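Asker: Contents are mmCIF, C-alpha atoms; file name protein_3.cif:
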```cif
data_upload
#
loop_
_atom_site.label_atom_id
_atom_site.label_comp_id
_atom_site.auth_asym_id
_atom_site.auth_seq_id
_atom_site.Cartn_x
_atom_site.Cartn_y
_atom_site.Cartn_z
CA MET A 6 -8.13 -12.85 -29.29
CA ASP A 7 -5.84 -15.27 -27.42
CA ASN A 8 -6.24 -16.15 -23.77
CA GLN A 9 -3.79 -13.55 -22.51
CA GLU A 10 -5.54 -10.78 -24.42
CA LEU A 11 -8.93 -12.01 -23.24
CA VAL A 12 -7.92 -12.04 -19.57
CA ALA A 13 -6.27 -8.63 -19.91
CA GLN A 14 -9.52 -7.23 -21.33
CA LEU A 15 -11.65 -8.82 -18.59
CA VAL A 16 -9.37 -7.44 -15.89
CA ALA A 17 -9.30 -3.97 -17.45
CA ASN A 18 -13.11 -3.98 -17.56
CA ALA A 19 -13.20 -5.10 -13.95
CA ARG A 20 -10.79 -2.38 -12.78
CA GLN A 21 -12.94 0.31 -14.34
CA ALA A 22 -16.11 -1.10 -12.80
CA LEU A 23 -14.38 -1.40 -9.43
CA ALA A 24 -13.34 2.26 -9.51
CA GLU A 25 -16.98 3.27 -9.94
CA PHE A 26 -18.49 0.73 -7.57
CA GLU A 27 -16.28 1.49 -4.58
CA HIS A 28 -18.03 4.86 -4.20
CA TYR A 29 -21.46 3.24 -3.78
CA THR A 30 -23.33 3.73 -0.52
CA GLN A 31 -24.61 0.85 1.60
CA GLU A 32 -28.09 1.40 0.23
CA GLN A 33 -26.88 1.29 -3.37
CA VAL A 34 -24.82 -1.84 -2.72
CA ASP A 35 -27.74 -3.61 -1.09
CA ALA A 36 -29.97 -2.67 -3.99
CA CYS A 37 -27.51 -4.34 -6.39
CA VAL A 38 -27.34 -7.47 -4.25
CA ASN A 39 -31.11 -7.71 -3.96
CA ALA A 40 -31.52 -7.19 -7.69
CA VAL A 41 -29.28 -10.14 -8.64
CA LEU A 42 -30.91 -12.36 -6.02
CA ASP A 43 -34.41 -11.57 -7.22
CA ALA A 44 -33.47 -12.03 -10.86
CA PHE A 45 -31.79 -15.36 -10.15
CA GLY A 46 -34.81 -16.58 -8.21
CA ALA A 47 -37.16 -15.64 -11.04
CA HIS A 48 -35.15 -17.88 -13.41
CA ALA A 49 -34.51 -20.71 -10.93
CA GLU A 50 -36.28 -23.47 -12.83
CA GLU A 51 -35.05 -22.36 -16.23
CA LEU A 52 -31.42 -22.38 -15.09
CA ALA A 53 -31.80 -25.75 -13.38
CA ARG A 54 -33.15 -27.34 -16.54
CA GLU A 55 -30.29 -25.88 -18.56
CA ALA A 56 -27.73 -27.15 -16.06
CA VAL A 57 -29.05 -30.72 -16.13
CA GLU A 58 -29.38 -30.70 -19.92
CA GLU A 59 -25.85 -29.41 -20.42
CA THR A 60 -23.94 -31.33 -17.74
CA ARG A 61 -26.04 -34.54 -17.52
CA LEU A 62 -25.34 -34.45 -13.79
CA GLY A 63 -27.67 -34.50 -10.83
CA ASP A 64 -31.43 -34.43 -10.38
CA LEU A 65 -33.66 -31.74 -11.88
CA ALA A 66 -36.06 -31.42 -8.94
CA ALA A 67 -33.17 -30.93 -6.51
CA LYS A 68 -31.50 -28.34 -8.72
CA ILE A 69 -34.75 -26.40 -9.02
CA GLU A 70 -35.10 -26.48 -5.24
CA LYS A 71 -31.52 -25.32 -4.74
CA ASN A 72 -31.86 -22.51 -7.24
CA ALA A 73 -35.19 -21.36 -5.85
CA GLY A 74 -34.12 -21.54 -2.21
CA SER A 75 -30.64 -20.04 -2.35
CA PRO A 76 -31.68 -16.39 -2.85
CA ALA A 77 -33.88 -16.47 0.27
CA GLY A 78 -31.02 -17.85 2.33
CA ILE A 79 -28.62 -15.20 1.08
CA HIS A 80 -31.20 -12.45 1.63
CA HIS A 81 -31.58 -13.56 5.23
CA ALA A 82 -27.83 -13.84 5.82
CA LEU A 83 -27.10 -10.36 4.43
CA ASP A 84 -30.14 -8.45 5.66
CA GLY A 85 -29.10 -5.44 7.73
CA LYS A 86 -25.39 -6.32 7.59
CA LYS A 87 -23.00 -3.41 7.10
CA SER A 88 -20.28 -3.72 4.49
CA VAL A 89 -19.58 -0.11 3.46
CA GLY A 90 -17.64 2.51 5.41
CA ILE A 91 -17.62 2.31 9.21
CA ILE A 92 -19.31 -0.97 10.07
CA GLY A 93 -18.75 -1.05 13.81
CA TYR A 94 -17.01 0.21 16.93
CA ASP A 95 -15.06 -1.57 19.64
CA GLU A 96 -15.67 0.80 22.54
CA GLU A 97 -13.55 -1.16 25.02
CA ASN A 98 -10.48 -1.05 22.82
CA LYS A 99 -11.25 2.32 21.22
CA LEU A 100 -11.36 1.01 17.66
CA ALA A 101 -13.51 1.83 14.65
CA LEU A 102 -13.87 -0.78 11.93
CA VAL A 103 -13.96 0.34 8.29
CA ALA A 104 -14.93 -2.04 5.47
CA LYS A 105 -13.22 -1.77 2.10
CA PRO A 106 -13.39 -3.94 -1.04
CA LYS A 107 -10.72 -6.52 -1.79
CA GLY A 108 -10.99 -5.92 -5.53
CA ILE A 109 -11.35 -8.33 -8.43
CA MET A 110 -12.72 -11.72 -7.45
CA CYS A 111 -12.10 -14.75 -9.64
CA SER A 112 -14.74 -17.43 -9.13
CA VAL A 113 -13.85 -20.90 -10.40
CA ALA A 114 -17.24 -22.58 -10.79
CA PRO A 115 -17.71 -26.37 -10.91
CA CYS A 116 -19.95 -28.31 -13.28
CA THR A 117 -21.68 -29.90 -10.28
CA ASN A 118 -23.22 -26.59 -9.14
CA PRO A 119 -22.95 -24.13 -12.03
CA ASN A 120 -25.88 -21.91 -10.97
CA VAL A 121 -25.74 -21.61 -7.19
CA THR A 122 -21.97 -21.15 -7.13
CA ALA A 123 -22.36 -18.11 -9.37
CA ILE A 124 -25.17 -16.54 -7.33
CA PHE A 125 -23.50 -17.06 -3.96
CA ASN A 126 -20.17 -15.66 -5.06
CA ALA A 127 -21.76 -12.78 -6.98
CA ALA A 128 -23.95 -11.74 -4.05
CA TYR A 129 -21.13 -11.94 -1.51
CA ALA A 130 -18.66 -10.18 -3.82
CA LEU A 131 -21.08 -7.35 -4.55
CA LYS A 132 -21.95 -7.00 -0.86
CA GLY A 133 -18.31 -6.07 -0.29
CA ARG A 134 -18.21 -3.69 -3.31
CA ASN A 135 -16.04 -6.11 -5.24
CA VAL A 136 -16.31 -7.14 -8.87
CA LEU A 137 -16.46 -10.76 -10.00
CA ILE A 138 -15.18 -12.69 -13.01
CA VAL A 139 -16.50 -16.24 -13.29
CA ALA A 140 -14.46 -19.03 -14.85
CA PRO A 141 -16.96 -21.80 -15.67
CA HIS A 142 -16.26 -25.47 -16.02
CA PRO A 143 -16.24 -26.28 -19.78
CA ARG A 144 -18.97 -28.85 -19.19
CA ALA A 145 -21.27 -26.16 -17.76
CA LYS A 146 -20.24 -23.05 -19.67
CA LYS A 147 -23.63 -22.24 -21.22
CA SER A 148 -25.56 -22.54 -17.98
CA THR A 149 -23.00 -20.55 -15.99
CA LEU A 150 -22.81 -17.82 -18.63
CA HIS A 151 -26.59 -17.53 -18.73
CA THR A 152 -26.66 -17.20 -14.94
CA VAL A 153 -24.21 -14.29 -15.09
CA GLN A 154 -26.13 -12.66 -17.95
CA ILE A 155 -29.36 -12.75 -15.94
CA MET A 156 -27.65 -11.07 -13.01
CA ASN A 157 -26.04 -8.49 -15.28
CA ASP A 158 -29.40 -7.60 -16.82
CA ALA A 159 -30.74 -6.92 -13.33
CA LEU A 160 -27.77 -4.69 -12.52
CA ALA A 161 -28.11 -2.81 -15.81
CA ALA A 162 -31.75 -2.06 -14.98
CA LEU A 163 -30.49 -0.30 -11.84
CA GLY A 164 -27.95 1.72 -13.79
CA ALA A 165 -25.08 -0.02 -11.99
CA PRO A 166 -21.55 0.16 -13.43
CA LYS A 167 -21.02 -2.10 -16.42
CA ASN A 168 -18.93 -5.25 -15.92
CA LEU A 169 -19.47 -5.67 -12.19
CA LEU A 170 -19.95 -9.31 -13.16
CA GLN A 171 -18.24 -11.00 -16.09
CA CYS A 172 -17.92 -14.56 -17.32
CA ILE A 173 -15.45 -16.35 -19.58
CA GLU A 174 -17.46 -17.55 -22.57
CA GLU A 175 -15.04 -20.22 -23.81
CA PRO A 176 -13.30 -21.55 -20.73
CA SER A 177 -10.06 -23.53 -20.70
CA ILE A 178 -7.52 -24.54 -18.09
CA GLU A 179 -5.03 -22.01 -19.45
CA CYS A 180 -7.56 -19.18 -19.41
CA THR A 181 -8.66 -19.96 -15.86
CA GLN A 182 -5.08 -20.08 -14.63
CA LEU A 183 -4.29 -16.75 -16.28
CA LEU A 184 -7.38 -15.23 -14.68
CA MET A 185 -6.38 -16.50 -11.25
CA GLN A 186 -2.94 -14.96 -11.66
CA ALA A 187 -4.46 -11.60 -12.67
CA SER A 188 -7.18 -11.37 -10.00
CA ASP A 189 -6.92 -10.00 -6.47
CA VAL A 190 -8.75 -12.86 -4.73
CA ILE A 191 -9.75 -16.35 -5.88
CA ILE A 192 -12.75 -18.42 -4.81
CA ALA A 193 -11.99 -21.93 -6.05
CA THR A 194 -14.96 -24.27 -5.83
CA GLY A 195 -13.96 -27.33 -7.77
CA GLY A 196 -11.59 -30.28 -7.94
CA ALA A 197 -8.39 -30.68 -5.95
CA ALA A 198 -6.14 -29.79 -8.89
CA MET A 199 -7.93 -26.50 -9.49
CA VAL A 200 -7.85 -25.63 -5.78
CA ARG A 201 -4.10 -26.30 -5.67
CA SER A 202 -3.65 -24.09 -8.72
CA ALA A 203 -5.59 -21.31 -6.99
CA TYR A 204 -3.38 -21.47 -3.92
CA SER A 205 -0.24 -21.35 -6.06
CA SER A 206 -1.42 -18.32 -8.04
CA GLY A 207 0.33 -15.82 -5.79
CA HIS A 208 -2.96 -14.28 -4.62
CA PRO A 209 -5.22 -14.85 -1.61
CA ALA A 210 -7.52 -17.79 -2.30
CA PHE A 211 -10.48 -19.53 -0.70
CA GLY A 212 -10.68 -23.17 -1.63
CA VAL A 213 -12.63 -26.25 -0.64
CA GLY A 214 -11.67 -29.81 0.19
CA PRO A 215 -13.28 -33.14 -0.65
CA GLY A 216 -16.35 -34.10 1.31
CA ASN A 217 -16.80 -37.47 2.98
CA VAL A 218 -19.49 -36.77 5.56
CA GLN A 219 -19.55 -39.50 8.17
CA THR A 220 -22.80 -40.11 10.04
CA ILE A 221 -22.88 -41.67 13.51
CA ILE A 222 -26.18 -42.88 14.97
CA ASP A 223 -26.36 -43.20 18.75
CA LYS A 224 -28.11 -46.20 20.33
CA GLY A 225 -31.67 -45.34 21.30
CA PHE A 226 -32.07 -42.54 18.77
CA ASN A 227 -35.19 -42.51 16.61
CA TYR A 228 -33.90 -44.70 13.77
CA LYS A 229 -36.75 -43.79 11.47
CA GLU A 230 -35.87 -40.10 11.79
CA ALA A 231 -32.16 -40.75 11.28
CA ALA A 232 -32.79 -42.99 8.27
CA GLU A 233 -35.04 -40.45 6.57
CA GLN A 234 -32.43 -37.73 7.00
CA ILE A 235 -29.55 -39.92 5.82
CA VAL A 236 -31.41 -41.02 2.70
CA ALA A 237 -32.54 -37.46 2.00
CA GLY A 238 -28.99 -36.14 2.37
CA ARG A 239 -27.41 -38.88 0.25
CA SER A 240 -29.98 -38.93 -2.55
CA TYR A 241 -30.21 -35.15 -2.95
CA ASP A 242 -29.14 -34.06 -6.44
CA ASN A 243 -27.97 -37.64 -7.06
CA GLY A 244 -25.24 -37.29 -4.46
CA LEU A 245 -23.45 -34.33 -6.03
CA ILE A 246 -23.55 -32.26 -2.84
CA CYS A 247 -20.17 -32.52 -1.09
CA ALA A 248 -21.99 -32.45 2.26
CA GLY A 249 -24.19 -35.46 1.50
CA ASN A 250 -24.12 -38.32 4.03
CA GLN A 251 -21.44 -40.82 2.97
CA SER A 252 -21.89 -43.39 5.74
CA ALA A 253 -24.29 -44.72 8.35
CA ILE A 254 -22.34 -45.88 11.40
CA TYR A 255 -24.95 -47.54 13.59
CA PRO A 256 -25.30 -49.65 16.78
CA ALA A 257 -24.70 -53.32 16.00
CA ALA A 258 -27.11 -54.32 18.77
CA ASP A 259 -29.98 -52.66 16.89
CA GLU A 260 -28.97 -53.71 13.39
CA ALA A 261 -32.30 -55.22 12.34
CA GLU A 262 -34.27 -52.21 13.53
CA PHE A 263 -31.92 -49.68 11.93
CA LEU A 264 -31.68 -51.46 8.58
CA ALA A 265 -35.46 -51.82 8.47
CA ALA A 266 -35.76 -48.06 8.95
CA MET A 267 -33.24 -47.45 6.17
CA LYS A 268 -35.16 -49.71 3.80
CA GLU A 269 -38.42 -47.94 4.64
CA ALA A 270 -36.72 -44.62 3.81
CA GLY A 271 -35.61 -45.92 0.41
CA ALA A 272 -32.22 -47.57 0.94
CA TYR A 273 -31.44 -50.83 -0.85
CA TYR A 274 -29.08 -52.72 1.45
CA VAL A 275 -26.35 -54.98 0.04
CA SER A 276 -24.51 -57.18 2.52
CA ASP A 277 -23.03 -60.17 0.67
CA ASP A 278 -19.35 -59.74 -0.17
CA GLU A 279 -19.65 -60.70 -3.82
CA THR A 280 -22.29 -58.09 -4.66
CA VAL A 281 -20.59 -55.40 -2.58
CA GLN A 282 -17.43 -56.11 -4.57
CA LYS A 283 -19.30 -55.57 -7.83
CA PHE A 284 -20.30 -52.09 -6.68
CA ARG A 285 -16.80 -51.40 -5.34
CA THR A 286 -15.26 -52.28 -8.70
CA ALA A 287 -17.81 -50.19 -10.62
CA LEU A 288 -17.34 -47.16 -8.37
CA PHE A 289 -13.55 -47.34 -7.94
CA PRO A 290 -12.12 -49.16 -10.98
CA ASP A 291 -8.52 -48.46 -9.98
CA GLY A 292 -9.17 -49.04 -6.28
CA ARG A 293 -8.87 -45.38 -5.31
CA HIS A 294 -10.48 -42.85 -7.68
CA ILE A 295 -14.22 -42.52 -8.31
CA ASN A 296 -15.53 -43.57 -11.70
CA SER A 297 -16.36 -40.19 -13.28
CA LYS A 298 -19.05 -41.79 -15.43
CA LEU A 299 -21.09 -42.58 -12.29
CA VAL A 300 -20.81 -39.15 -10.63
CA GLY A 301 -24.23 -37.55 -10.18
CA GLN A 302 -26.11 -40.49 -11.72
CA TYR A 303 -29.23 -42.30 -10.49
CA PRO A 304 -29.10 -45.53 -8.41
CA LYS A 305 -30.25 -47.64 -11.36
CA ASP A 306 -27.40 -46.33 -13.52
CA ILE A 307 -24.90 -47.28 -10.82
CA ALA A 308 -26.46 -50.72 -10.35
CA ASP A 309 -26.43 -51.32 -14.10
CA ALA A 310 -22.72 -50.46 -14.21
CA ALA A 311 -22.16 -53.00 -11.43
CA GLY A 312 -24.29 -55.63 -13.15
CA VAL A 313 -26.74 -55.77 -10.26
CA GLU A 314 -30.53 -55.52 -10.30
CA ILE A 315 -32.11 -53.25 -7.70
CA PRO A 316 -35.76 -52.44 -6.90
CA GLU A 317 -37.38 -49.47 -8.63
CA TRP A 318 -38.11 -47.84 -5.27
CA THR A 319 -34.37 -47.48 -4.48
CA ARG A 320 -33.36 -43.93 -3.53
CA ILE A 321 -29.85 -44.83 -2.37
CA ILE A 322 -27.68 -47.95 -2.43
CA LEU A 323 -26.42 -48.98 1.02
CA LEU A 324 -23.29 -51.15 1.04
CA LYS A 325 -22.03 -53.12 4.03
CA VAL A 326 -18.47 -52.40 5.15
CA ASP A 327 -16.82 -54.09 8.11
CA LYS A 328 -15.54 -51.77 10.83
CA ALA A 329 -12.16 -53.52 10.65
CA ASN A 330 -11.77 -52.13 7.13
CA ALA A 331 -12.50 -48.50 7.99
CA GLY A 332 -10.31 -45.88 6.39
CA ALA A 333 -7.75 -46.67 3.71
CA LYS A 334 -8.42 -50.42 3.85
CA ASP A 335 -11.57 -50.06 1.72
CA ALA A 336 -12.07 -47.69 -1.21
CA LEU A 337 -15.77 -47.48 -0.33
CA CYS A 338 -14.79 -45.45 2.75
CA ALA A 339 -13.84 -42.55 0.46
CA GLU A 340 -16.12 -39.85 -1.00
CA LYS A 341 -18.73 -41.19 -3.42
CA MET A 342 -20.35 -38.42 -5.46
CA CYS A 343 -23.45 -40.45 -6.23
CA PRO A 344 -26.37 -41.91 -4.22
CA VAL A 345 -24.29 -44.62 -2.54
CA THR A 346 -23.68 -44.88 1.22
CA ILE A 347 -21.81 -47.39 3.34
CA ALA A 348 -23.21 -49.05 6.47
CA ILE A 349 -20.86 -49.91 9.34
CA ALA A 350 -21.99 -51.60 12.57
CA VAL A 351 -20.18 -50.64 15.79
CA ASP A 352 -20.46 -51.61 19.45
CA SER A 353 -20.45 -48.12 20.99
CA PHE A 354 -20.77 -44.45 20.14
CA GLU A 355 -17.09 -43.96 20.92
CA GLU A 356 -16.15 -46.74 18.52
CA GLY A 357 -18.39 -45.08 15.92
CA VAL A 358 -16.44 -41.85 16.33
CA ALA A 359 -13.17 -43.74 15.87
CA VAL A 360 -14.46 -45.36 12.67
CA ALA A 361 -15.68 -42.01 11.36
CA LYS A 362 -12.30 -40.47 12.13
CA ALA A 363 -10.48 -43.22 10.23
CA ASN A 364 -12.69 -42.64 7.19
CA LEU A 365 -12.19 -38.88 7.36
CA LEU A 366 -8.43 -39.21 7.60
CA TYR A 367 -8.58 -41.41 4.49
CA GLU A 368 -10.53 -38.68 2.66
CA GLY A 369 -12.56 -35.64 3.66
CA ALA A 370 -10.77 -34.41 6.78
CA GLY A 371 -11.78 -30.83 7.54
CA HIS A 372 -15.18 -30.98 5.89
CA SER A 373 -18.22 -32.12 7.88
CA ALA A 374 -19.75 -34.93 9.92
CA VAL A 375 -23.16 -35.73 11.40
CA VAL A 376 -24.27 -37.27 14.69
CA HIS A 377 -27.77 -38.40 15.57
CA THR A 378 -28.04 -38.36 19.36
CA TYR A 379 -30.15 -37.00 22.21
CA ASP A 380 -27.04 -36.62 24.37
CA ASP A 381 -25.36 -33.23 23.95
CA LYS A 382 -22.23 -34.52 25.70
CA LYS A 383 -21.83 -37.20 23.03
CA ALA A 384 -22.25 -34.58 20.32
CA GLU A 385 -19.58 -32.47 21.99
CA TYR A 386 -17.32 -35.52 22.29
CA ALA A 387 -17.62 -36.13 18.55
CA GLY A 388 -17.01 -32.44 17.88
CA VAL A 389 -13.79 -32.55 19.88
CA GLU A 390 -12.53 -35.83 18.41
CA LEU A 391 -13.37 -35.51 14.73
CA PRO A 392 -11.17 -33.51 12.31
CA VAL A 393 -14.04 -31.51 10.78
CA SER A 394 -14.99 -27.86 10.42
CA ARG A 395 -18.70 -28.57 10.89
CA LEU A 396 -20.46 -31.16 13.06
CA LEU A 397 -24.20 -31.29 12.46
CA VAL A 398 -26.47 -32.65 15.17
CA ASN A 399 -29.69 -34.41 14.13
CA GLN A 400 -29.73 -32.97 10.60
CA PRO A 401 -29.04 -34.21 7.06
CA GLY A 402 -25.44 -33.67 5.98
CA ILE A 403 -26.50 -31.26 3.25
CA PHE A 404 -27.48 -28.78 5.96
CA ALA A 405 -23.76 -27.98 6.26
CA ALA A 406 -24.43 -25.41 3.55
CA ASN A 407 -27.48 -24.31 5.56
CA PRO A 408 -30.48 -24.87 3.28
CA ALA A 409 -33.71 -23.44 4.67
CA LEU A 410 -31.68 -21.66 7.38
CA ALA A 411 -32.09 -24.68 9.62
CA ASN A 412 -29.00 -23.90 11.70
CA GLY A 413 -26.67 -21.01 12.46
CA LEU A 414 -24.14 -21.68 9.71
CA ASN A 415 -23.75 -19.17 6.90
CA PRO A 416 -25.47 -20.25 3.66
CA THR A 417 -22.75 -20.81 1.10
CA SER A 418 -21.49 -22.79 -1.87
CA THR A 419 -17.91 -22.75 -0.54
CA LEU A 420 -17.35 -24.89 2.54
CA GLY A 421 -13.87 -24.20 3.88
CA CYS A 422 -12.07 -27.25 5.30
CA GLY A 423 -9.29 -25.55 7.25
CA SER A 424 -5.71 -26.79 7.30
CA TRP A 425 -6.97 -30.40 7.16
CA GLY A 426 -8.19 -29.74 3.61
CA ASN A 427 -5.36 -27.32 2.76
CA ASN A 428 -7.84 -24.43 2.90
CA SER A 429 -7.44 -20.94 4.31
CA ILE A 430 -10.69 -20.98 6.32
CA SER A 431 -12.48 -23.61 8.39
CA GLU A 432 -15.97 -22.18 8.00
CA ASN A 433 -18.58 -21.34 5.39
CA LEU A 434 -17.51 -18.56 3.04
CA THR A 435 -19.54 -15.36 3.26
CA TYR A 436 -19.17 -11.68 2.35
CA GLU A 437 -17.07 -11.00 5.46
CA HIS A 438 -14.22 -12.99 3.93
CA LEU A 439 -14.34 -10.75 0.85
CA ILE A 440 -13.78 -7.39 2.52
CA ASN A 441 -10.72 -5.71 3.98
CA ILE A 442 -11.20 -4.09 7.37
CA SER A 443 -9.21 -1.02 8.38
CA ARG A 444 -9.00 -0.26 12.09
CA ILE A 445 -8.90 3.28 13.38
CA ALA A 446 -7.20 3.14 16.76
CA TRP A 447 -7.36 5.77 19.52
CA ILE A 448 -5.35 5.82 22.73
CA LYS A 449 -7.18 3.76 25.36
CA GLN A 450 -8.09 5.84 28.39
#
```
Can you turn what I pasted into structure tokens?

Answerer:
Amino acid sequence: MDNQELVAQLVANARQALAEFEHYTQEQVDACVNAVLDAFGAHAEELAREAVEETRLGDLAAKIEKNAGSPAGIHHALDGKKSVGIIGYDEENKLALVAKPKGIMCSVAPCTNPNVTAIFNAAYALKGRNVLIVAPHPRAKKSTLHTVQIMNDALAALGAPKNLLQCIEEPSIECTQLLMQASDVIIATGGAAMVRSAYSSGHPAFGVGPGNVQTIIDKGFNYKEAAEQIVAGRSYDNGLICAGNQSAIYPAADEAEFLAAMKEAGAYYVSDDETVQKFRTALFPDGRHINSKLVGQYPKDIADAAGVEIPEWTRIILLKVDKANAGAKDALCAEKMCPVTIAIAVDSFEEGVAVAKANLLYEGAGHSAVVHTYDDKKAEYAGVELPVSRLLVNQPGIFAANPALANGLNPTSTLGCGSWGNNSISENLTYEHLINISRIAWIKQ
């Protein structure tokens, strides 16, 4: 069977499943969602181990934590939410809101997060009475397929329609592109080229943009607390999370105190130009694009590639960058999908915001940023000035996807970056983006 025949069969299966599923009640839909979440959670560690073994990316402990924690976050986000039939009334404007499925969802899953991408998109698609076809990354096809099979087994035990969830077993660029062209809606969580392809497919698409989360530390903040959160956010899953902290922009007047806190948290600081250049060359061989061999690797692997010895206790590598070189003047100011962060000293919070903005406009505009401050007005200032969809206050960058429900953002694996990132939404994707809403309108009295 060639790719065209395969996609035609997948879509035909999906259409039949959709015709059956759209008649499900809210209770039946929620039962399906809960079943896939529970099944995924029960296999969290197994899937994490498979993902690391197959992709050779990231950190096992972090992937287990992500897999185990994601179902709880989704449960909480969806609990009690209506997605079938009349879901609300606008009494003032005399409107009734009716939810309806959007149809066949195509989920383009990355090799960096092969498990959680599948569970998030499956749960949100099912919540809206949609069907989902997953196009895995070739490097993660076994792990992604197994994830979908586990969810399908749970649905089969409920007697749900067959083929609510499907997965391409032997993925290729051609097959994924054909699937995007044949689906009703696309959720593209992957590289820039794949996101552009999704938007040019002729169908509605939800994409993501590159992350380059800038972190600004206000003078007088608890540097120990900030350092622990920065190191935690940057080291998590060996830096694969797009919302991991990419910089530490700190008060120059308190440099010794801040750097001491970073070292205590596990950051190995490199300040001499020659050694920083070694890391720069290893990370960005052509001066612009990240070395794919270092993505998702451990600090020692990165140091070895640079020809530098680092202590065994190193959780992240912290490289000095001068504020005069912020933005496009230094490749290190771009996204680094590994446990490497840059340190930039500034003379004021406002200057820190300007440096962060320059770095974001170089890469990562529309994604996220972090401020550590006790002054809400300064947080609001940063939120107004920075071109980001999410500004986190006193949290690790990875909380942009809302682990542990620490803030009010929707838990997701798809962080929209708005028009800055050439995306259709500037918020976290959830089930509400995957339903059509009809409005019944009466004459206003």

Asker: For this structure, which residues satisfy the selection - the PyMOL selection byres ((chain A and resi 438) around 12) - when it is evaluated on the file as given? I want them as a ChimeraX atom specification.

Answerer: /A:88,104-107,110,126,129-130,132-133,135,190-192,209-211,415,417,419,421,429-437,439-442

Asker: Quick check on the file I pasted: which residues fall under the PyMOL selection byres ((chain A and resi 391) around 12)? Write them as a ChimeraX atom specification.

Answerer: /A:218-221,355,357-366,369-376,383-390,392-397,425

Asker: Identify the residues within 7 Å of coordinate (-33.5, -48.7, -1.1) (same frame as the file), considering all atoms listed in the file, and give the answer as an mmCIF file with C-alpha atoms, keeping the file's coordinate frame.

Answerer:
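Result written to point_30.cif:
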```cif
data_model
loop_
_atom_site.group_PDB
_atom_site.id
_atom_site.type_symbol
_atom_site.label_atom_id
_atom_site.label_comp_id
_atom_site.auth_asym_id
_atom_site.auth_seq_id
_atom_site.Cartn_x
_atom_site.Cartn_y
_atom_site.Cartn_z
ATOM 1 C CA LYS A 268 -35.160 -49.710 3.800
ATOM 2 C CA GLY A 271 -35.610 -45.920 0.410
ATOM 3 C CA ALA A 272 -32.220 -47.570 0.940
ATOM 4 C CA TYR A 273 -31.440 -50.830 -0.850
ATOM 5 C CA TYR A 274 -29.080 -52.720 1.450
ATOM 6 C CA TRP A 318 -38.110 -47.840 -5.270
ATOM 7 C CA THR A 319 -34.370 -47.480 -4.480
ATOM 8 C CA ARG A 320 -33.360 -43.930 -3.530
ATOM 9 C CA ILE A 321 -29.850 -44.830 -2.370
ATOM 10 C CA ILE A 322 -27.680 -47.950 -2.430
#
```

Asker: Would you mind reading off the distance between atom CA of A:Asp242 and atom CA of A:Ser112, one decimal, in Å?

Answerer: 22.2 Å

Asker: When you count all atoms listed in the file, which of these residues is closest to A:Asp95: A:Ala187, A:Ala53, A:Leu288, A:Ala446?

Answerer: A:Ala446

Asker: Using all atoms listed in the file, find each residue in stretch 32-86 of chain A having at least one atom no more than 12 Å away from stretch 15-27 of chain A; report its shortest atom-to-atom pair and that distance in Å (one decimal), rows by chain then rising number, as a tab-separated table.

Answerer:
```
residue	atom	partner	partner_atom	distance
A:Gln33	CA	A:Phe26	CA	9.4
A:Val34	CA	A:Phe26	CA	8.4
A:Cys37	CA	A:Phe26	CA	10.4
```

Asker: Set out as a tab-separated table a contact list for stretch 235-290 of chain A and stretch 295-314 of chain A with a cut-off of 12 Å, giving each residue of stretch 235-290 of chain A that qualifies its closest atom pair and distance in Å to one decimal, counting only C-alpha atoms, ordered by chain and rising residue number.

Answerer:
```
residue	atom	partner	partner_atom	distance
A:Arg239	CA	A:Gly301	CA	11.0
A:Ser240	CA	A:Tyr303	CA	8.7
A:Tyr241	CA	A:Gly301	CA	9.7
A:Asp242	CA	A:Gly301	CA	7.1
A:Asn243	CA	A:Gly301	CA	4.9
A:Gly244	CA	A:Gly301	CA	5.8
A:Leu245	CA	A:Gly301	CA	5.3
A:Ile246	CA	A:Gly301	CA	9.1
A:Cys247	CA	A:Gly301	CA	11.2
A:Gly249	CA	A:Gly301	CA	11.9
A:Gly271	CA	A:Pro304	CA	11.0
A:Ala272	CA	A:Pro304	CA	10.1
A:Tyr273	CA	A:Pro304	CA	9.5
A:Val275	CA	A:Val313	CA	10.3
A:Glu279	CA	A:Val313	CA	10.8
A:Thr280	CA	A:Val313	CA	7.5
A:Val281	CA	A:Ala311	CA	9.3
A:Gln282	CA	A:Ala311	CA	8.9
A:Lys283	CA	A:Ala311	CA	5.3
A:Phe284	CA	A:Ala311	CA	5.2
A:Arg285	CA	A:Ala311	CA	8.3
A:Thr286	CA	A:Ala311	CA	7.5
A:Ala287	CA	A:Ala311	CA	5.2
A:Leu288	CA	A:Asn296	CA	5.2
A:Phe289	CA	A:Ile295	CA	4.9
A:Pro290	CA	A:Asn296	CA	6.6
```

Asker: Can you work out which one of A:Leu414, A:Val121, A:Ile235, A:Cys422 has the shortest atom-to-atom distance to A:His81, counting all atoms listed in the file?

Answerer: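 Looking at the shortest contact to A:His81, the residue is A:Leu414.
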
Asker: Might you spell out which residues the PyMOL selection byres ((chain A and resi 138) around 10) would select in the displayed file, as a VMD selection string?

Answerer: chain A and resid 12 15 to 16 19 109 to 113 123 126 to 127 136 to 137 139 to 141 153 168 to 173 184 to 185 188 191

Asker: What is the distance between atom CA of A:Leu420 and atom CA of A:Gly214, in Å to one decimal?

Answerer: 7.9 Å

Asker: To one decimal in Å, tell me the separation between atom CA of A:His80 and atom CA of A:Asn427.

Answerer: 29.8 Å
